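The structure file target.txt is reproduced below (compact mmCIF, C-alpha atoms (C1' of nucleotides)).
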```txt
# COMPACT_ATOMS: atom_id res chain seq x y z
CA MET D 1 86.57 121.51 -73.32
CA ALA D 2 87.57 118.33 -71.55
CA LEU D 3 89.87 117.11 -74.28
CA GLY D 4 91.78 119.18 -76.70
CA ARG D 5 94.71 120.04 -78.78
CA ASP D 6 95.53 122.96 -76.54
CA TYR D 7 97.28 123.53 -73.24
CA PRO D 8 94.95 125.71 -71.19
CA GLY D 9 96.44 127.26 -68.09
CA GLN D 10 99.96 127.22 -69.43
CA ASP D 11 100.97 130.87 -69.52
CA CYS D 12 103.89 130.16 -71.76
CA ALA D 13 104.95 130.96 -75.28
CA LEU D 14 106.02 127.36 -75.79
CA ALA D 15 102.52 126.11 -75.07
CA ARG D 16 101.07 128.67 -77.50
CA ALA D 17 103.55 127.56 -80.17
CA LEU D 18 102.74 123.90 -79.58
CA GLU D 19 99.06 124.58 -80.07
CA VAL D 20 99.99 125.60 -83.61
CA ILE D 21 102.76 123.20 -84.55
CA GLY D 22 102.68 120.55 -81.82
CA GLU D 23 100.01 118.28 -83.20
CA ARG D 24 100.79 114.99 -84.79
CA TRP D 25 102.17 115.31 -88.36
CA THR D 26 102.45 119.09 -88.24
CA MET D 27 106.23 119.26 -87.88
CA LEU D 28 106.64 116.82 -90.75
CA VAL D 29 104.37 118.99 -92.88
CA LEU D 30 106.63 121.94 -92.10
CA ARG D 31 109.73 119.94 -92.87
CA ASP D 32 108.29 119.02 -96.25
CA ALA D 33 107.31 122.65 -96.86
CA PHE D 34 110.94 123.67 -96.28
CA TYR D 35 112.03 120.89 -98.61
CA GLY D 36 109.91 122.44 -101.35
CA VAL D 37 106.66 120.48 -101.14
CA ARG D 38 103.65 122.66 -101.90
CA ARG D 39 100.81 120.51 -103.13
CA PHE D 40 98.29 118.51 -101.16
CA SER D 41 98.94 115.34 -103.08
CA ASP D 42 102.71 115.59 -102.61
CA PHE D 43 102.34 116.08 -98.86
CA HIS D 44 100.03 113.10 -98.80
CA ASP D 45 102.22 110.83 -100.92
CA HIS D 46 105.34 111.63 -98.93
CA LEU D 47 103.86 111.55 -95.44
CA ALA D 48 101.24 108.82 -95.75
CA ALA D 49 99.12 110.65 -93.19
CA PRO D 50 95.35 110.31 -93.45
CA ARG D 51 93.93 112.85 -95.88
CA ALA D 52 91.48 114.21 -93.33
CA VAL D 53 94.30 114.87 -90.86
CA LEU D 54 96.37 116.54 -93.55
CA THR D 55 93.46 118.76 -94.54
CA GLU D 56 92.97 119.82 -90.96
CA ARG D 57 96.67 120.47 -90.29
CA LEU D 58 97.09 122.55 -93.40
CA ALA D 59 94.03 124.59 -92.44
CA THR D 60 95.40 125.15 -88.92
CA LEU D 61 98.74 126.30 -90.30
CA VAL D 62 97.04 128.65 -92.75
CA ASP D 63 94.89 130.07 -89.95
CA ALA D 64 98.01 130.63 -87.85
CA GLY D 65 99.73 132.44 -90.68
CA VAL D 66 102.48 129.85 -91.00
CA LEU D 67 101.43 128.74 -94.47
CA ALA D 68 99.62 130.69 -97.16
CA ARG D 69 97.23 129.10 -99.59
CA ARG D 70 97.81 130.39 -103.10
CA ARG D 71 96.09 129.67 -106.38
CA TYR D 72 98.72 128.67 -108.86
CA GLN D 73 96.49 127.87 -111.81
CA GLN D 74 92.97 128.86 -112.73
CA SER D 75 91.75 125.97 -114.79
CA PRO D 76 91.34 123.59 -113.21
CA PRO D 77 91.56 125.64 -110.01
CA ARG D 78 94.52 124.43 -107.96
CA ASP D 79 95.99 125.80 -104.75
CA GLU D 80 99.40 125.34 -103.21
CA TYR D 81 100.59 125.83 -99.66
CA VAL D 82 103.72 127.95 -99.19
CA LEU D 83 105.56 129.09 -96.09
CA THR D 84 105.02 132.68 -95.04
CA ALA D 85 107.71 134.84 -93.43
CA ARG D 86 106.35 133.72 -90.07
CA GLY D 87 106.59 130.10 -91.15
CA ARG D 88 110.12 130.48 -92.46
CA GLU D 89 111.14 131.69 -89.00
CA LEU D 90 110.47 128.16 -87.78
CA TRP D 91 113.50 126.94 -89.71
CA PRO D 92 115.84 127.07 -86.69
CA THR D 93 113.41 124.96 -84.70
CA VAL D 94 113.05 122.38 -87.46
CA TYR D 95 116.77 122.34 -88.17
CA THR D 96 117.92 121.97 -84.56
CA LEU D 97 115.52 119.08 -84.06
CA VAL D 98 116.65 117.34 -87.25
CA HIS D 99 120.23 117.86 -86.14
CA TRP D 100 119.53 116.35 -82.72
CA GLY D 101 117.86 113.36 -84.32
CA GLU D 102 120.78 112.83 -86.68
CA ARG D 103 123.25 113.01 -83.80
CA HIS D 104 121.48 110.72 -81.39
CA LEU D 105 118.99 108.54 -83.20
CA SER D 106 120.48 107.84 -86.63
CA GLU D 107 122.42 104.65 -87.11
CA GLY D 108 124.55 104.43 -90.22
CA GLY D 109 125.30 108.10 -90.70
CA ALA D 110 123.24 111.16 -91.49
CA ARG D 111 120.27 110.72 -93.77
CA ARG D 112 120.55 114.23 -95.11
CA THR D 113 123.12 116.96 -94.72
CA PHE D 114 122.58 120.71 -94.79
CA HIS D 115 125.01 123.15 -96.31
CA HIS D 116 125.44 126.87 -96.80
CA ALA D 117 124.46 127.30 -100.43
CA GLY D 118 126.97 130.11 -100.85
CA CYS D 119 130.11 128.30 -99.75
CA GLY D 120 129.11 124.65 -99.47
CA HIS D 121 130.14 124.23 -95.83
CA ARG D 122 128.07 122.04 -93.63
CA LEU D 123 125.93 123.83 -91.05
CA ASP D 124 126.71 123.55 -87.35
CA ALA D 125 124.36 122.58 -84.52
CA LEU D 126 122.47 125.89 -84.63
CA GLY D 127 122.25 126.16 -88.40
CA CYS D 128 125.14 128.57 -88.78
CA CYS D 129 127.90 128.33 -91.36
CA PRO D 130 131.22 127.72 -89.56
CA ARG D 131 133.16 129.30 -92.42
CA CYS D 132 131.09 132.41 -92.81
CA ALA D 133 130.35 132.65 -89.06
CA ALA D 134 126.78 133.69 -89.70
CA SER D 135 123.37 132.14 -89.31
CA VAL D 136 121.96 130.87 -92.59
CA PRO D 137 118.31 131.53 -93.47
CA ALA D 138 116.38 128.65 -94.94
CA ALA D 139 116.50 130.13 -98.45
CA ASP D 140 120.31 129.84 -98.42
CA VAL D 141 120.43 126.24 -97.26
CA GLU D 142 121.15 123.37 -99.60
CA ILE D 143 119.99 119.92 -98.60
CA ARG D 144 121.93 116.90 -99.86
CA PRO D 145 121.38 113.17 -99.46
CA GLY D 146 123.61 111.65 -96.77
CA PRO D 147 125.25 108.24 -96.39
CA GLY D 148 122.51 106.91 -94.12
CA LEU D 149 119.64 107.59 -96.52
CA SER D 150 117.78 104.47 -97.47
CA VAL D 151 116.76 103.96 -101.08
CA VAL D 152 113.45 102.20 -100.68
CA ALA D 153 111.07 105.16 -100.92
CA THR D 154 109.70 105.64 -104.40
CA ASP D 155 107.33 108.59 -104.11
CA PRO D 156 108.15 111.62 -106.27
CA VAL D 157 109.17 113.78 -103.31
CA SER D 158 111.70 111.24 -102.03
CA LEU D 159 113.07 110.81 -105.54
CA ALA D 160 113.46 114.55 -106.03
CA LEU D 161 115.36 114.78 -102.73
CA ARG D 162 117.96 112.27 -103.94
CA THR D 163 119.76 115.16 -105.60
CA PRO D 164 120.98 118.34 -103.87
CA HIS D 165 118.27 120.91 -103.63
CA ARG D 166 117.90 124.39 -102.20
CA LEU D 167 115.30 124.78 -99.46
CA LEU D 168 112.01 126.51 -100.27
CA GLU D 169 112.49 125.99 -104.01
CA PRO D 170 109.49 124.08 -105.36
CA LEU D 171 110.24 120.49 -106.16
CA ARG D 172 108.72 120.66 -109.61
CA MET S 1 95.60 115.88 -79.55
CA ALA S 2 95.88 112.14 -79.32
CA LEU S 3 99.25 111.68 -80.90
CA GLY S 4 100.18 108.27 -82.14
CA ARG S 5 103.57 107.11 -81.08
CA ASP S 6 105.56 106.64 -84.20
CA TYR S 7 105.92 107.63 -87.83
CA PRO S 8 106.65 104.38 -89.63
CA GLY S 9 108.01 104.73 -93.12
CA GLN S 10 109.57 108.12 -92.55
CA ASP S 11 113.28 107.68 -93.16
CA CYS S 12 114.08 110.94 -91.48
CA ALA S 13 115.87 112.09 -88.37
CA LEU S 14 113.07 114.50 -87.62
CA ALA S 15 110.54 111.68 -87.48
CA ARG S 16 112.84 109.70 -85.16
CA ALA S 17 113.21 112.74 -82.91
CA LEU S 18 109.47 113.32 -82.85
CA GLU S 19 108.89 109.76 -81.76
CA VAL S 20 110.82 110.69 -78.62
CA ILE S 21 109.77 114.27 -77.93
CA GLY S 22 106.79 114.85 -80.22
CA GLU S 23 104.03 113.42 -78.08
CA ARG S 24 101.60 115.59 -76.24
CA TRP S 25 103.06 117.20 -73.07
CA THR S 26 106.61 116.00 -73.74
CA MET S 27 108.01 119.34 -74.85
CA LEU S 28 106.49 121.02 -71.80
CA VAL S 29 108.10 118.39 -69.59
CA LEU S 30 111.45 119.24 -71.18
CA ARG S 31 110.87 122.95 -70.75
CA ASP S 32 110.18 122.40 -67.06
CA ALA S 33 113.27 120.22 -66.76
CA PHE S 34 115.36 123.08 -68.16
CA TYR S 35 113.67 125.43 -65.72
CA GLY S 36 114.85 123.24 -62.86
CA VAL S 37 111.89 120.98 -62.18
CA ARG S 38 112.97 117.49 -61.18
CA ARG S 39 110.26 115.84 -59.13
CA PHE S 40 107.17 114.05 -60.31
CA SER S 41 104.83 116.08 -58.14
CA ASP S 42 106.31 119.38 -59.34
CA PHE S 43 105.89 118.37 -62.97
CA HIS S 44 102.34 117.39 -62.20
CA ASP S 45 101.44 120.52 -60.25
CA HIS S 46 102.90 122.81 -62.88
CA LEU S 47 101.62 121.05 -66.00
CA ALA S 48 98.26 119.73 -64.81
CA ALA S 49 98.71 116.78 -67.15
CA PRO S 50 97.12 113.47 -66.15
CA ARG S 51 99.43 111.49 -63.88
CA ALA S 52 99.31 108.44 -66.13
CA VAL S 53 100.44 110.47 -69.13
CA LEU S 54 103.21 112.07 -67.10
CA THR S 55 104.41 108.68 -65.89
CA GLU S 56 104.52 107.38 -69.44
CA ARG S 57 106.27 110.44 -70.87
CA LEU S 58 108.95 110.43 -68.18
CA ALA S 59 109.55 106.73 -68.81
CA THR S 60 109.85 107.34 -72.57
CA LEU S 61 112.35 110.13 -72.01
CA VAL S 62 114.38 108.00 -69.61
CA ASP S 63 114.37 105.13 -72.11
CA ALA S 64 115.58 107.50 -74.82
CA GLY S 65 118.40 108.77 -72.63
CA VAL S 66 117.04 112.30 -72.50
CA LEU S 67 116.34 112.20 -68.79
CA ALA S 68 118.02 110.15 -66.08
CA ARG S 69 116.20 108.86 -63.05
CA ARG S 70 118.25 109.34 -59.92
CA ARG S 71 117.62 108.44 -56.30
CA TYR S 72 118.10 111.53 -54.23
CA GLN S 73 117.12 110.16 -50.85
CA GLN S 74 116.93 106.67 -49.44
CA SER S 75 114.23 106.89 -46.85
CA PRO S 76 111.62 107.20 -48.00
CA PRO S 77 113.00 106.26 -51.42
CA ARG S 78 112.53 109.18 -53.81
CA ASP S 79 113.73 109.60 -57.37
CA GLU S 80 114.22 112.72 -59.45
CA TYR S 81 114.39 113.20 -63.20
CA VAL S 82 117.33 115.21 -64.51
CA LEU S 83 118.41 116.09 -68.03
CA THR S 84 121.31 114.10 -69.43
CA ALA S 85 123.91 115.54 -71.79
CA ARG S 86 121.76 114.27 -74.65
CA GLY S 87 118.74 115.99 -73.18
CA ARG S 88 120.59 119.26 -72.64
CA GLU S 89 121.36 119.28 -76.36
CA LEU S 90 117.67 119.83 -76.94
CA TRP S 91 117.99 123.32 -75.48
CA PRO S 92 118.35 125.02 -78.88
CA THR S 93 115.16 123.35 -80.09
CA VAL S 94 113.22 124.34 -76.99
CA TYR S 95 114.62 127.86 -77.01
CA THR S 96 113.98 128.59 -80.68
CA LEU S 97 110.40 127.41 -80.33
CA VAL S 98 109.82 129.53 -77.21
CA HIS S 99 111.35 132.47 -79.07
CA TRP S 100 109.06 131.94 -82.05
CA GLY S 101 106.03 131.76 -79.77
CA GLU S 102 107.04 134.95 -77.97
CA ARG S 103 107.51 136.75 -81.28
CA HIS S 104 104.33 135.69 -82.98
CA LEU S 105 101.81 134.47 -80.44
CA SER S 106 102.35 136.54 -77.31
CA GLU S 107 100.22 139.62 -76.77
CA GLY S 108 101.36 142.05 -74.13
CA GLY S 109 105.08 141.40 -74.28
CA ALA S 110 107.32 138.45 -73.53
CA ARG S 111 106.30 136.19 -70.69
CA ARG S 112 109.89 135.29 -69.90
CA THR S 113 113.22 136.58 -71.14
CA PHE S 114 116.48 134.67 -71.47
CA HIS S 115 119.87 136.15 -70.77
CA HIS S 116 123.51 135.19 -70.86
CA ALA S 117 124.27 134.61 -67.19
CA GLY S 118 127.80 135.88 -67.64
CA CYS S 119 127.05 139.29 -69.09
CA GLY S 120 123.30 139.75 -68.70
CA HIS S 121 122.58 140.38 -72.36
CA ARG S 122 119.40 139.04 -73.83
CA LEU S 123 119.79 136.05 -76.15
CA ASP S 124 119.09 136.39 -79.86
CA ALA S 125 116.82 134.25 -82.05
CA LEU S 126 119.19 131.27 -82.01
CA GLY S 127 120.10 131.46 -78.33
CA CYS S 128 123.40 133.23 -78.84
CA CYS S 129 124.68 136.18 -76.83
CA PRO S 130 124.93 139.23 -79.13
CA ARG S 131 127.65 140.76 -76.95
CA CYS S 132 129.83 137.70 -76.58
CA ALA S 133 129.03 136.46 -80.11
CA ALA S 134 128.85 132.88 -78.94
CA SER S 135 126.15 130.31 -78.46
CA VAL S 136 125.12 129.94 -74.84
CA PRO S 137 124.63 126.46 -73.36
CA ALA S 138 121.58 125.97 -71.17
CA ALA S 139 123.67 125.98 -67.99
CA ASP S 140 124.74 129.57 -68.70
CA VAL S 141 121.26 130.90 -69.38
CA GLU S 142 119.34 132.95 -66.85
CA ILE S 143 115.58 133.08 -67.16
CA ARG S 144 113.74 136.17 -65.91
CA PRO S 145 110.06 137.01 -65.69
CA GLY S 146 108.93 139.27 -68.54
CA PRO S 147 106.32 142.03 -68.77
CA GLY S 148 103.69 139.72 -70.28
CA LEU S 149 103.77 137.15 -67.48
CA SER S 150 100.45 136.77 -65.76
CA VAL S 151 100.32 136.48 -62.00
CA VAL S 152 97.46 134.07 -61.51
CA ALA S 153 99.38 130.79 -61.22
CA THR S 154 100.02 129.80 -57.61
CA ASP S 155 101.82 126.47 -57.85
CA PRO S 156 105.31 126.36 -56.32
CA VAL S 157 107.06 126.10 -59.68
CA SER S 158 105.38 129.21 -61.05
CA LEU S 159 106.15 131.08 -57.85
CA ALA S 160 109.81 130.09 -57.95
CA LEU S 161 110.04 131.32 -61.56
CA ARG S 162 108.91 134.81 -60.54
CA THR S 163 112.51 135.56 -59.66
CA PRO S 164 115.50 135.26 -62.01
CA HIS S 165 116.87 131.77 -62.07
CA ARG S 166 119.63 129.93 -63.84
CA LEU S 167 118.54 127.05 -66.06
CA LEU S 168 119.12 123.48 -64.86
CA GLU S 169 119.54 124.59 -61.25
CA PRO S 170 117.01 122.75 -59.09
CA LEU S 171 114.13 124.91 -57.99
CA ARG S 172 114.40 123.92 -54.33
C1' DA I 1 81.40 109.01 -123.05
C1' DT I 2 84.65 107.54 -120.10
C1' DC I 3 88.76 107.74 -117.48
C1' DC I 4 92.24 110.16 -114.82
C1' DT I 5 94.11 113.57 -111.66
C1' DT I 6 93.82 116.72 -107.83
C1' DG I 7 92.01 117.80 -103.64
C1' DG I 8 89.36 116.86 -100.82
C1' DT I 9 84.88 114.68 -97.40
C1' DT I 10 82.53 110.81 -94.90
C1' DC I 11 82.40 107.24 -91.79
C1' DG I 12 83.13 103.09 -88.82
C1' DT I 13 86.89 101.31 -86.08
C1' DT I 14 90.80 101.72 -83.18
C1' DC I 15 93.60 104.07 -80.03
C1' DA I 16 95.33 107.69 -76.95
C1' DC I 17 94.13 111.29 -73.52
C1' DT I 18 91.31 112.65 -69.48
C1' DG I 19 89.83 112.90 -64.70
C1' DA I 20 88.73 110.68 -60.75
C1' DA I 21 89.42 107.08 -57.71
C1' DC I 22 92.43 103.83 -55.77
C1' DT I 23 97.10 101.87 -54.14
C1' DC I 24 101.31 101.51 -51.70
C1' DA I 25 105.23 102.55 -48.89
C1' DG I 26 107.39 105.32 -45.58
C1' DG I 27 107.24 108.95 -42.06
C1' DC I 28 104.92 111.42 -38.23
C1' DG I 29 101.97 113.06 -34.31
C1' DG I 30 99.58 111.54 -30.45
C1' DC Y 1 99.87 101.29 -31.97
C1' DC Y 2 96.56 104.04 -34.88
C1' DG Y 3 95.36 107.06 -38.10
C1' DC Y 4 96.81 110.53 -41.23
C1' DC Y 5 99.89 112.72 -44.59
C1' DT Y 6 102.99 112.88 -48.68
C1' DG Y 7 105.14 111.34 -52.88
C1' DA Y 8 104.69 108.60 -56.68
C1' DG Y 9 102.44 106.34 -59.03
C1' DT Y 10 98.27 102.54 -61.22
C1' DT Y 11 93.52 101.50 -62.74
C1' DC Y 12 89.53 102.41 -65.23
C1' DA Y 13 85.38 104.13 -67.73
C1' DG Y 14 84.31 107.69 -70.99
C1' DT Y 15 85.48 110.53 -74.94
C1' DG Y 16 87.65 112.64 -78.64
C1' DA Y 17 91.22 112.20 -82.13
C1' DA Y 18 93.61 109.39 -85.66
C1' DC Y 19 93.28 105.79 -89.05
C1' DG Y 20 92.22 104.00 -93.58
C1' DA Y 21 89.13 102.83 -96.97
C1' DA Y 22 85.53 104.41 -99.68
C1' DC Y 23 83.26 108.03 -101.81
C1' DC Y 24 82.81 112.67 -104.28
C1' DA Y 25 83.41 116.50 -107.65
C1' DA Y 26 85.41 119.55 -111.09
C1' DG Y 27 88.08 119.83 -114.98
C1' DG Y 28 91.03 117.95 -118.55
C1' DA Y 29 92.65 114.03 -121.67
C1' DT Y 30 91.53 110.17 -124.94
```
Serialized structure, structure tokens:
Amino acid sequence: MALGRDYPGQDCALARALEVIGERWTMLVLRDAFYGVRRFSDFHDHLAAPRAVLTERLATLVDAGVLARRRYQQSPPRDEYVLTARGRELWPTVYTLVHWGERHLSEGGARRTFHHAGCGHRLDALGCCPRCAASVPAADVEIRPGPGLSVVATDPVSLALRTPHRLLEPLR
Amino acid sequence: MALGRDYPGQDCALARALEVIGERWTMLVLRDAFYGVRRFSDFHDHLAAPRAVLTERLATLVDAGVLARRRYQQSPPRDEYVLTARGRELWPTVYTLVHWGERHLSEGGARRTFHHAGCGHRLDALGCCPRCAASVPAADVEIRPGPGLSVVATDPVSLALRTPHRLLEPLR
DNA sequence: ATCCTTGGTTCGTTCACTGAACTCAGGCGG
DNA sequence: CCGCCTGAGTTCAGTGAACGAACCAAGGAT
């Protein structure tokens, strides 16, 4: 009990949330899940996190009801990890943090831009469409490569994200 | 949790942001800063994080321009840590994560509720006021104790947060 | 029969977090 | 002047988590 991934004694919803999504790599796993990544090997190729850590994080997220593990083919048996409704509600958190990073820590312009898939307008700081004056759920967001995106990554996920893509749609 | 510092190879604003605020305890430090905590000993008493970790996290946040270290008295020399404009822009991230935790991980009702200080209405999922139909900056948010808040904590910060309080205002 | 792919598990090394003790400087009470 | 208190750290040994490379297994494909 001495060490741990939890925050005992913090009577706070933020601490509870961080026990689920605050561990190293977890937010990047969620980001990839929103981008359409669903398979273990794609998460691994794109993140370059140790496999054991990835296994553990995916299990934690499934236990918390953020991801669901689904069999998508029987032979050979293969599972994929998809966001649940509860997981999709984390989109504002992921988006606002990406937006903050783009604003304050990105030299050379945005790496990716996010648009309302209906009208094409770029989302504001909270993930709302300034034209439609409404918040945009993840399923209606289109992600596009931005001017600051480097071109060195060669893994399939990075390549797929070089073209505009709707969130939550599987990459392949 | 033992977070490493950085995410090399991730050409992504989220990874850059997590290198600043993704380490263990850092988000809770920011939450406390929004709640009005400014002094090292108050952070320490409220969080119960090891002093060495707290020292390092505060230094990282100051280096990143999220917090500013300010001398508030000369004799004896004492500094306080206050959110900068850049740090205050993290409010939507902190709020949406607290909101998600309250919705999905809090038994027995919300621990704290957040209101538009102008009109008293409770904020929605993105931190906007449903009455005024506008996003509410941290300085205009009032935090109130909720029905799920336990009463066991006895540190000065927890006690001060038993009464409604405007964000960013110093606790004492 | 052998190789390849997917999705892991195992394991030794390295590194970050923990808690307790220690430091230091400036008041303060007697 | 002496000892004690407070705020704000620093130091350090012990431990648990992350790392990465190797290994494993089931089911095709050649």
Next item on the list: Counting all atoms listed in the file, collect the residues of chain Y whose closest atom lies at most 12 Å from chain S, and write them out as a ChimeraX atom specification.
Entry: /Y:6-12,15-19
Check: Mind listing as a PyMOL selection string which residues of chain I are within 9 Å of chain D, counting all atoms listed in the file?
Finding: chain I and resi 6-9+17-18
Next item on the list: Can you check which residues of chain D have any atom within 8 Å of chain S? Use all atoms listed in the file and format it as a ChimeraX atom specification.
Entry: /D:3-6,10-17,22-24,28,47,86,89-90,92-94,96-102,104-106,111,126,149-150
For the residues in that selection, give me C-alpha atoms as a PDB file, in the frame of the given file.
```pdb
ATOM      1  CA  LEU D   3      89.870 117.110 -74.280  1.00  0.00           C
ATOM      2  CA  GLY D   4      91.780 119.180 -76.700  1.00  0.00           C
ATOM      3  CA  ARG D   5      94.710 120.040 -78.780  1.00  0.00           C
ATOM      4  CA  ASP D   6      95.530 122.960 -76.540  1.00  0.00           C
ATOM      5  CA  GLN D  10      99.960 127.220 -69.430  1.00  0.00           C
ATOM      6  CA  ASP D  11     100.970 130.870 -69.520  1.00  0.00           C
ATOM      7  CA  CYS D  12     103.890 130.160 -71.760  1.00  0.00           C
ATOM      8  CA  ALA D  13     104.950 130.960 -75.280  1.00  0.00           C
ATOM      9  CA  LEU D  14     106.020 127.360 -75.790  1.00  0.00           C
ATOM     10  CA  ALA D  15     102.520 126.110 -75.070  1.00  0.00           C
ATOM     11  CA  ARG D  16     101.070 128.670 -77.500  1.00  0.00           C
ATOM     12  CA  ALA D  17     103.550 127.560 -80.170  1.00  0.00           C
ATOM     13  CA  GLY D  22     102.680 120.550 -81.820  1.00  0.00           C
ATOM     14  CA  GLU D  23     100.010 118.280 -83.200  1.00  0.00           C
ATOM     15  CA  ARG D  24     100.790 114.990 -84.790  1.00  0.00           C
ATOM     16  CA  LEU D  28     106.640 116.820 -90.750  1.00  0.00           C
ATOM     17  CA  LEU D  47     103.860 111.550 -95.440  1.00  0.00           C
ATOM     18  CA  ARG D  86     106.350 133.720 -90.070  1.00  0.00           C
ATOM     19  CA  GLU D  89     111.140 131.690 -89.000  1.00  0.00           C
ATOM     20  CA  LEU D  90     110.470 128.160 -87.780  1.00  0.00           C
ATOM     21  CA  PRO D  92     115.840 127.070 -86.690  1.00  0.00           C
ATOM     22  CA  THR D  93     113.410 124.960 -84.700  1.00  0.00           C
ATOM     23  CA  VAL D  94     113.050 122.380 -87.460  1.00  0.00           C
ATOM     24  CA  THR D  96     117.920 121.970 -84.560  1.00  0.00           C
ATOM     25  CA  LEU D  97     115.520 119.080 -84.060  1.00  0.00           C
ATOM     26  CA  VAL D  98     116.650 117.340 -87.250  1.00  0.00           C
ATOM     27  CA  HIS D  99     120.230 117.860 -86.140  1.00  0.00           C
ATOM     28  CA  TRP D 100     119.530 116.350 -82.720  1.00  0.00           C
ATOM     29  CA  GLY D 101     117.860 113.360 -84.320  1.00  0.00           C
ATOM     30  CA  GLU D 102     120.780 112.830 -86.680  1.00  0.00           C
ATOM     31  CA  HIS D 104     121.480 110.720 -81.390  1.00  0.00           C
ATOM     32  CA  LEU D 105     118.990 108.540 -83.200  1.00  0.00           C
ATOM     33  CA  SER D 106     120.480 107.840 -86.630  1.00  0.00           C
ATOM     34  CA  ARG D 111     120.270 110.720 -93.770  1.00  0.00           C
ATOM     35  CA  LEU D 126     122.470 125.890 -84.630  1.00  0.00           C
ATOM     36  CA  LEU D 149     119.640 107.590 -96.520  1.00  0.00           C
ATOM     37  CA  SER D 150     117.780 104.470 -97.470  1.00  0.00           C
TER      38      SER D 150
END
```
Next item on the list: May I ask for the distance between atom CA of S:Glu169 and atom CA of S:Glu80, given in Å to one decimal place?
Entry: 13.1 Å
Next item on the list: Enter the distance from atom CA of D:Arg166 to atom CA of D:Asp140, in Å, rounded to one decimal.
Entry: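 Distance reported for this atom pair: 7.1 Å.
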Next item on the list: Would you mind reading off the distance between atom CA of D:Gly36 and atom CA of D:Val82, one decimal, in Å?
Entry: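 Between atom CA of D:Gly36 and atom CA of D:Val82 the gap works out to 8.6 Å.
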Next item on the list: Pick out the residues sitting within 12 Å of I:DC3, and hand them over as a VMD selection string; count all atoms listed in the file, and ignore anything fewer than 4 positions along from it in its own chain.
Entry: chain Y and resid 28 to 30
Stretch 144-162 of chain S, all listed atoms, 4 Å padding on each side: what axis-aligned box centre and edge lengths in Å to one decimal come out, as lines of an AutoDock Vina configuration file?
```
center_x = 105.6
center_y = 134.1
center_z = -63.3
size_x = 24.3
size_y = 23.9
size_z = 22.0
```
Generate N, CA and C atoms for stretch 9-20 of chain S and emit them as a compact mmCIF listing (two decimals), in the frame of the given file.
```txt
# COMPACT_ATOMS: atom_id res chain seq x y z
N GLY S 9 107.85 104.42 -91.71
CA GLY S 9 108.01 104.73 -93.12
C GLY S 9 108.68 106.06 -93.39
N GLN S 10 108.86 106.87 -92.35
CA GLN S 10 109.57 108.12 -92.55
C GLN S 10 111.04 107.89 -92.27
N ASP S 11 111.84 107.88 -93.34
CA ASP S 11 113.28 107.68 -93.16
C ASP S 11 113.91 109.04 -92.93
N CYS S 12 113.72 109.55 -91.72
CA CYS S 12 114.08 110.94 -91.48
C CYS S 12 114.39 111.12 -90.01
N ALA S 13 115.47 111.85 -89.75
CA ALA S 13 115.87 112.09 -88.37
C ALA S 13 114.81 112.87 -87.60
N LEU S 14 114.10 113.73 -88.30
CA LEU S 14 113.07 114.50 -87.62
C LEU S 14 111.96 113.58 -87.10
N ALA S 15 111.57 112.62 -87.91
CA ALA S 15 110.54 111.68 -87.48
C ALA S 15 111.02 110.87 -86.28
N ARG S 16 112.29 110.44 -86.31
CA ARG S 16 112.84 109.70 -85.16
C ARG S 16 112.80 110.57 -83.91
N ALA S 17 113.20 111.83 -84.07
CA ALA S 17 113.21 112.74 -82.91
C ALA S 17 111.80 112.95 -82.38
N LEU S 18 110.85 113.08 -83.28
CA LEU S 18 109.47 113.32 -82.85
C LEU S 18 108.87 112.11 -82.15
N GLU S 19 109.38 110.94 -82.48
CA GLU S 19 108.89 109.76 -81.76
C GLU S 19 109.32 109.80 -80.29
N VAL S 20 110.37 110.54 -80.01
CA VAL S 20 110.82 110.69 -78.62
C VAL S 20 110.19 111.90 -77.95
```
